[in-house]
Amino acid sequence: MNHNDIGLIGLAVMGENLVLNLESKGFSVAVFNRTQEVTECFVGGRAKGKEHIVPTYSLEDFVKSLAKPRKIMIMVKAGAPVDTVINQLIPLLEPGDIVIDGGNSLWTDTQRREKALREKSLHFVGCGVSGGEEGALKGPSIMPGGSQESWAAVGPIFRKIAAIVEGEPCCRHMGPDGAGHYVKMVHNGIEYGDMQLICEAYAILKNVLGLSASELHHIFSEWNLGELNSYLIEITACIFKKLDAETGKPIVDVILDKAGQKGTGKWTVGSATDQGIVLSTIYAAVEARILSSQKNQRVAASQLLPGPSKKSFEGDRQALIHAVRDALYASKIVSYAQGMDLLGATSEFYHWNLNFVDIATIWRGGCIIRAQFLNRIAEAYKTHPGLQNLMLDPFFRDILAKSQNSWRLAVSTAVQQGIAAPAFSASLAYYDSYRSENLPANLLQAQRDFFGAHTYERVDKPGTFHTQWLH
């Protein structure tokens, strides 16, 4: 009875696809879903005829069907549902068994769960899985955190089902307790930034140059052949050529400009605030989604708040397209630099010893932010293990230097035309702030000392000082 290599609980789309992936790589998989009909539908449909996918209809039978140490992957909605399943499993498990949470759980929840299960001699793995439905089926990027013992047991399975890039599986052990879910969270934050930057490039090209969806398709397809090659650029090019069956218009033009979010971007920004790390590009992306959701207010404000008068663009159209492309690339570098900075600070805080080379390597395939330049990021950290900021690596430093005039042209054009480009602007402001020997914080410190006697340091001698400003 107890022969299955791994069990999976939760047969929504991601769960189903992971099961099919596991089965296709030669693993026997027990499956369980709280609603029996879902299990029956799966085994009678997509899993029909697959002998190594074994349906179970009680948690007791599910657990009994697994080879020891039992490896159980939970694919349910983050939050309370995960705790519910864990609490139901615990009485059925034995020391050494491994529970894996493959959802987008908050890393602090993962730390709490790992500690609680460790005290019961059980292993808990918080495992980030990226790549969406297609990735889950064909090979995702997998970011497991937990004990070395649990990694020794689940690593061979995960590396077998992960995406492969240049012969290397996109799965490595991230670190203890919440490290895996934290890395996945930052991945998602960078994803927010990437998507917003692409949207701002689209907004400038569409609203300033009046480019059609067909023209945008060709531009993004061309960009995807070069340094900007990535999954998100690729799918953006595909989006622009898709027509709506009802109206015949490009479907992107009939989609309401009201974005959703599930929370990982906000978690990333909150963690950056706690760690004292600048995350301005991702912060701008999160705020842009929030503002987009305020559709009714924006429609009303559009009739009341004036902007610059609309005028046709009289400059070099190809130069602006090139400038937007450079601004997108430079801003993308800033976003990754900020994300890696956050990973470094949190790794130090929790003593995770995160490996940036490993992280960049497993993000090259399977995941949503997979991109050609992740090879360069991996190389940067391999060459300079103590690199303080990705922008300081010679390769990226050179790109930023060559891109900055175009970057400024794209941002200034957006400002002059009244087109919101918060992530482009925030990225450029970060670059300018980071490269500034002197910032106006001296005046800020004077203000703080004036109203709150918060003191300040001086440029000409050591020590802490306070001025009696009104005397």
# chains A, B, ... in the order shown; residues from 1 in each chain; ligands from 1
>>> residues_around(residues="Val82 in chain A", least_positions_apart="3", cutoff="12 Å", atoms="only C-alpha atoms", output="count of residues only")
26
>>> residues_around(residues="His52 in chain A", least_positions_apart="3", cutoff="8 Å", atoms="only C-alpha atoms", output="PyMOL selection string")
chain A and resi 23+27-29
>>> write_last_selection(atoms="all heavy atoms", output="PDB file, in the first residue's frame")
ATOM      1  N   GLU A  23       4.215  12.657 -12.707  1.00  0.00           N
ATOM      2  CA  GLU A  23       3.936  11.355 -13.308  1.00  0.00           C
ATOM      3  C   GLU A  23       4.733  11.178 -14.606  1.00  0.00           C
ATOM      4  O   GLU A  23       5.264  10.094 -14.880  1.00  0.00           O
ATOM      5  CB  GLU A  23       2.430  11.230 -13.586  1.00  0.00           C
ATOM      6  CG  GLU A  23       1.971   9.838 -14.014  1.00  0.00           C
ATOM      7  CD  GLU A  23       2.092   9.615 -15.517  1.00  0.00           C
ATOM      8  OE1 GLU A  23       2.182  10.616 -16.276  1.00  0.00           O
ATOM      9  OE2 GLU A  23       2.095   8.436 -15.940  1.00  0.00           O
ATOM     10  N   PHE A  27       7.486   9.374 -11.540  1.00  0.00           N
ATOM     11  CA  PHE A  27       7.140   9.258 -10.127  1.00  0.00           C
ATOM     12  C   PHE A  27       5.701   8.774  -9.967  1.00  0.00           C
ATOM     13  O   PHE A  27       4.814   9.147 -10.749  1.00  0.00           O
ATOM     14  CB  PHE A  27       7.306  10.596  -9.413  1.00  0.00           C
ATOM     15  CG  PHE A  27       8.719  11.094  -9.411  1.00  0.00           C
ATOM     16  CD1 PHE A  27       9.104  12.159 -10.219  1.00  0.00           C
ATOM     17  CD2 PHE A  27       9.685  10.495  -8.608  1.00  0.00           C
ATOM     18  CE1 PHE A  27      10.409  12.611 -10.236  1.00  0.00           C
ATOM     19  CE2 PHE A  27      10.998  10.945  -8.606  1.00  0.00           C
ATOM     20  CZ  PHE A  27      11.362  12.011  -9.430  1.00  0.00           C
ATOM     21  N   SER A  28       5.457   7.969  -8.934  1.00  0.00           N
ATOM     22  CA  SER A  28       4.089   7.582  -8.593  1.00  0.00           C
ATOM     23  C   SER A  28       3.560   8.597  -7.584  1.00  0.00           C
ATOM     24  O   SER A  28       4.235   8.928  -6.609  1.00  0.00           O
ATOM     25  CB  SER A  28       4.054   6.169  -8.006  1.00  0.00           C
ATOM     26  OG  SER A  28       4.905   6.069  -6.891  1.00  0.00           O
ATOM     27  N   VAL A  29       2.344   9.099  -7.831  1.00  0.00           N
ATOM     28  CA  VAL A  29       1.808  10.219  -7.065  1.00  0.00           C
ATOM     29  C   VAL A  29       0.432   9.885  -6.514  1.00  0.00           C
ATOM     30  O   VAL A  29      -0.489   9.558  -7.274  1.00  0.00           O
ATOM     31  CB  VAL A  29       1.692  11.494  -7.938  1.00  0.00           C
ATOM     32  CG1 VAL A  29       1.406  12.708  -7.063  1.00  0.00           C
ATOM     33  CG2 VAL A  29       2.936  11.710  -8.778  1.00  0.00           C
TER      34      VAL A  29
END
>>> atom_distance(atom1="CA of Leu279 in chain A", atom2="CA of Ala201 in chain A")
19.9 Å
>>> residues_around(residues="Asn442 in chain A", least_positions_apart="2", cutoff="10 Å", atoms="only C-alpha atoms", output="list of chain:residue names")
A:Asn438, A:Leu439, A:Pro440, A:Leu444, A:Gln445, A:Ala446, A:Gln447, A:Arg448, A:Tyr456, A:Glu457, A:Arg458, A:Val459
>>> write_last_selection(atoms="N, CA and C atoms", output="PDB file, in the first residue's frame")
ATOM      1  N   ASN A 438      26.463  63.765  -2.772  1.00  0.00           N
ATOM      2  CA  ASN A 438      25.753  64.609  -1.809  1.00  0.00           C
ATOM      3  C   ASN A 438      24.270  64.663  -2.146  1.00  0.00           C
ATOM      4  N   LEU A 439      23.433  64.430  -1.141  1.00  0.00           N
ATOM      5  CA  LEU A 439      21.988  64.538  -1.269  1.00  0.00           C
ATOM      6  C   LEU A 439      21.503  65.657  -0.339  1.00  0.00           C
ATOM      7  N   PRO A 440      20.291  66.176  -0.535  1.00  0.00           N
ATOM      8  CA  PRO A 440      19.801  67.273   0.308  1.00  0.00           C
ATOM      9  C   PRO A 440      19.360  66.845   1.699  1.00  0.00           C
ATOM     10  N   LEU A 444      17.341  68.197   5.492  1.00  0.00           N
ATOM     11  CA  LEU A 444      16.350  67.395   6.207  1.00  0.00           C
ATOM     12  C   LEU A 444      16.763  67.212   7.666  1.00  0.00           C
ATOM     13  N   GLN A 445      18.043  66.937   7.901  1.00  0.00           N
ATOM     14  CA  GLN A 445      18.525  66.770   9.269  1.00  0.00           C
ATOM     15  C   GLN A 445      18.420  68.079  10.057  1.00  0.00           C
ATOM     16  N   ALA A 446      18.649  69.204   9.373  1.00  0.00           N
ATOM     17  CA  ALA A 446      18.481  70.499  10.034  1.00  0.00           C
ATOM     18  C   ALA A 446      17.030  70.703  10.452  1.00  0.00           C
ATOM     19  N   GLN A 447      16.106  70.329   9.581  1.00  0.00           N
ATOM     20  CA  GLN A 447      14.673  70.448   9.902  1.00  0.00           C
ATOM     21  C   GLN A 447      14.324  69.567  11.105  1.00  0.00           C
ATOM     22  N   ARG A 448      14.823  68.331  11.103  1.00  0.00           N
ATOM     23  CA  ARG A 448      14.534  67.415  12.205  1.00  0.00           C
ATOM     24  C   ARG A 448      15.093  67.949  13.526  1.00  0.00           C
ATOM     25  N   TYR A 456      22.389  66.094  14.673  1.00  0.00           N
ATOM     26  CA  TYR A 456      22.949  65.848  13.346  1.00  0.00           C
ATOM     27  C   TYR A 456      24.451  65.648  13.484  1.00  0.00           C
ATOM     28  N   GLU A 457      25.061  65.136  12.407  1.00  0.00           N
ATOM     29  CA  GLU A 457      26.516  65.030  12.331  1.00  0.00           C
ATOM     30  C   GLU A 457      27.036  66.162  11.433  1.00  0.00           C
ATOM     31  N   ARG A 458      28.326  66.454  11.540  1.00  0.00           N
ATOM     32  CA  ARG A 458      28.925  67.514  10.733  1.00  0.00           C
ATOM     33  C   ARG A 458      29.888  66.921   9.711  1.00  0.00           C
ATOM     34  N   VAL A 459      30.162  67.706   8.639  1.00  0.00           N
ATOM     35  CA  VAL A 459      31.086  67.250   7.603  1.00  0.00           C
ATOM     36  C   VAL A 459      32.538  67.514   7.993  1.00  0.00           C
TER      37      VAL A 459
END
>>> residues_around(residues="Glu114 in chain A", least_positions_apart="2", cutoff="12 Å", atoms="only C-alpha atoms", output="number ranges by chain")
A: 83, 86, 98-101, 107-112, 116-127, 145-147, 150, 176-181
>>> closest_residue(among="A:Cys199, A:Ala284, A:Val411, A:Val269", to="Val252 in chain A", atoms="only C-alpha atoms")
A:Cys199
>>> residues_around(residues="Trp223 in chain A", least_positions_apart="6", cutoff="12 Å", atoms="only C-alpha atoms", output="PyMOL selection string")
chain A and resi 198+201+216-217+229-237+321-322+324-326+328-329+372
>>> closest_residue(among="A:Val165, A:Val286, A:Ala245, A:Met174", to="Gln261 in chain A", atoms="only C-alpha atoms")
A:Val286
>>> residues_around(residues="range 290-298 of chain A", least_positions_apart="3", cutoff="8 Å", atoms="only C-alpha atoms", output="mmCIF file with N, CA and C atoms, in the first residue's frame")
data_model
loop_
_atom_site.group_PDB
_atom_site.id
_atom_site.type_symbol
_atom_site.label_atom_id
_atom_site.label_comp_id
_atom_site.auth_asym_id
_atom_site.auth_seq_id
_atom_site.Cartn_x
_atom_site.Cartn_y
_atom_site.Cartn_z
ATOM 1 N N ASP A 257 -8.884 48.761 -17.773
ATOM 2 C CA ASP A 257 -7.594 49.110 -17.153
ATOM 3 C C ASP A 257 -7.699 49.114 -15.625
ATOM 4 N N LYS A 258 -7.942 47.954 -15.085
ATOM 5 C CA LYS A 258 -8.147 47.795 -13.654
ATOM 6 C C LYS A 258 -7.443 46.515 -13.220
ATOM 7 N N ALA A 259 -6.250 46.668 -12.622
ATOM 8 C CA ALA A 259 -5.404 45.506 -12.341
ATOM 9 C C ALA A 259 -5.695 44.905 -10.979
ATOM 10 N N GLY A 260 -5.473 43.609 -10.873
ATOM 11 C CA GLY A 260 -5.614 42.911 -9.602
ATOM 12 C C GLY A 260 -4.257 42.564 -9.024
ATOM 13 N N VAL A 286 3.466 48.452 -7.339
ATOM 14 C CA VAL A 286 2.358 48.122 -6.440
ATOM 15 C C VAL A 286 1.363 49.280 -6.389
ATOM 16 N N GLU A 287 1.869 50.506 -6.240
ATOM 17 C CA GLU A 287 0.988 51.679 -6.187
ATOM 18 C C GLU A 287 0.228 51.863 -7.500
ATOM 19 N N ALA A 301 -11.949 62.170 -12.104
ATOM 20 C CA ALA A 301 -10.845 63.129 -12.034
ATOM 21 C C ALA A 301 -10.393 63.573 -13.413
ATOM 22 N N SER A 302 -10.541 62.696 -14.391
ATOM 23 C CA SER A 302 -10.103 63.041 -15.751
ATOM 24 C C SER A 302 -10.887 64.220 -16.314
#
>>> atom_distance(atom1="CA of Val38 in chain A", atom2="CA of Thr264 in chain A")
27.6 Å
>>> closest_residue(among="A:Ala420, A:Ile277, A:Leu374, A:Ala288", to="Met195 in chain A", atoms="only C-alpha atoms")
A:Ala288
>>> select_by_dssp(residues="range 51-234 of chain A", states="strand (DSSP E or B)", output="count of residues only")
32
>>> atom_distance(atom1="CA of Lys382 in chain A", atom2="CA of Gly135 in chain A")
26.8 Å
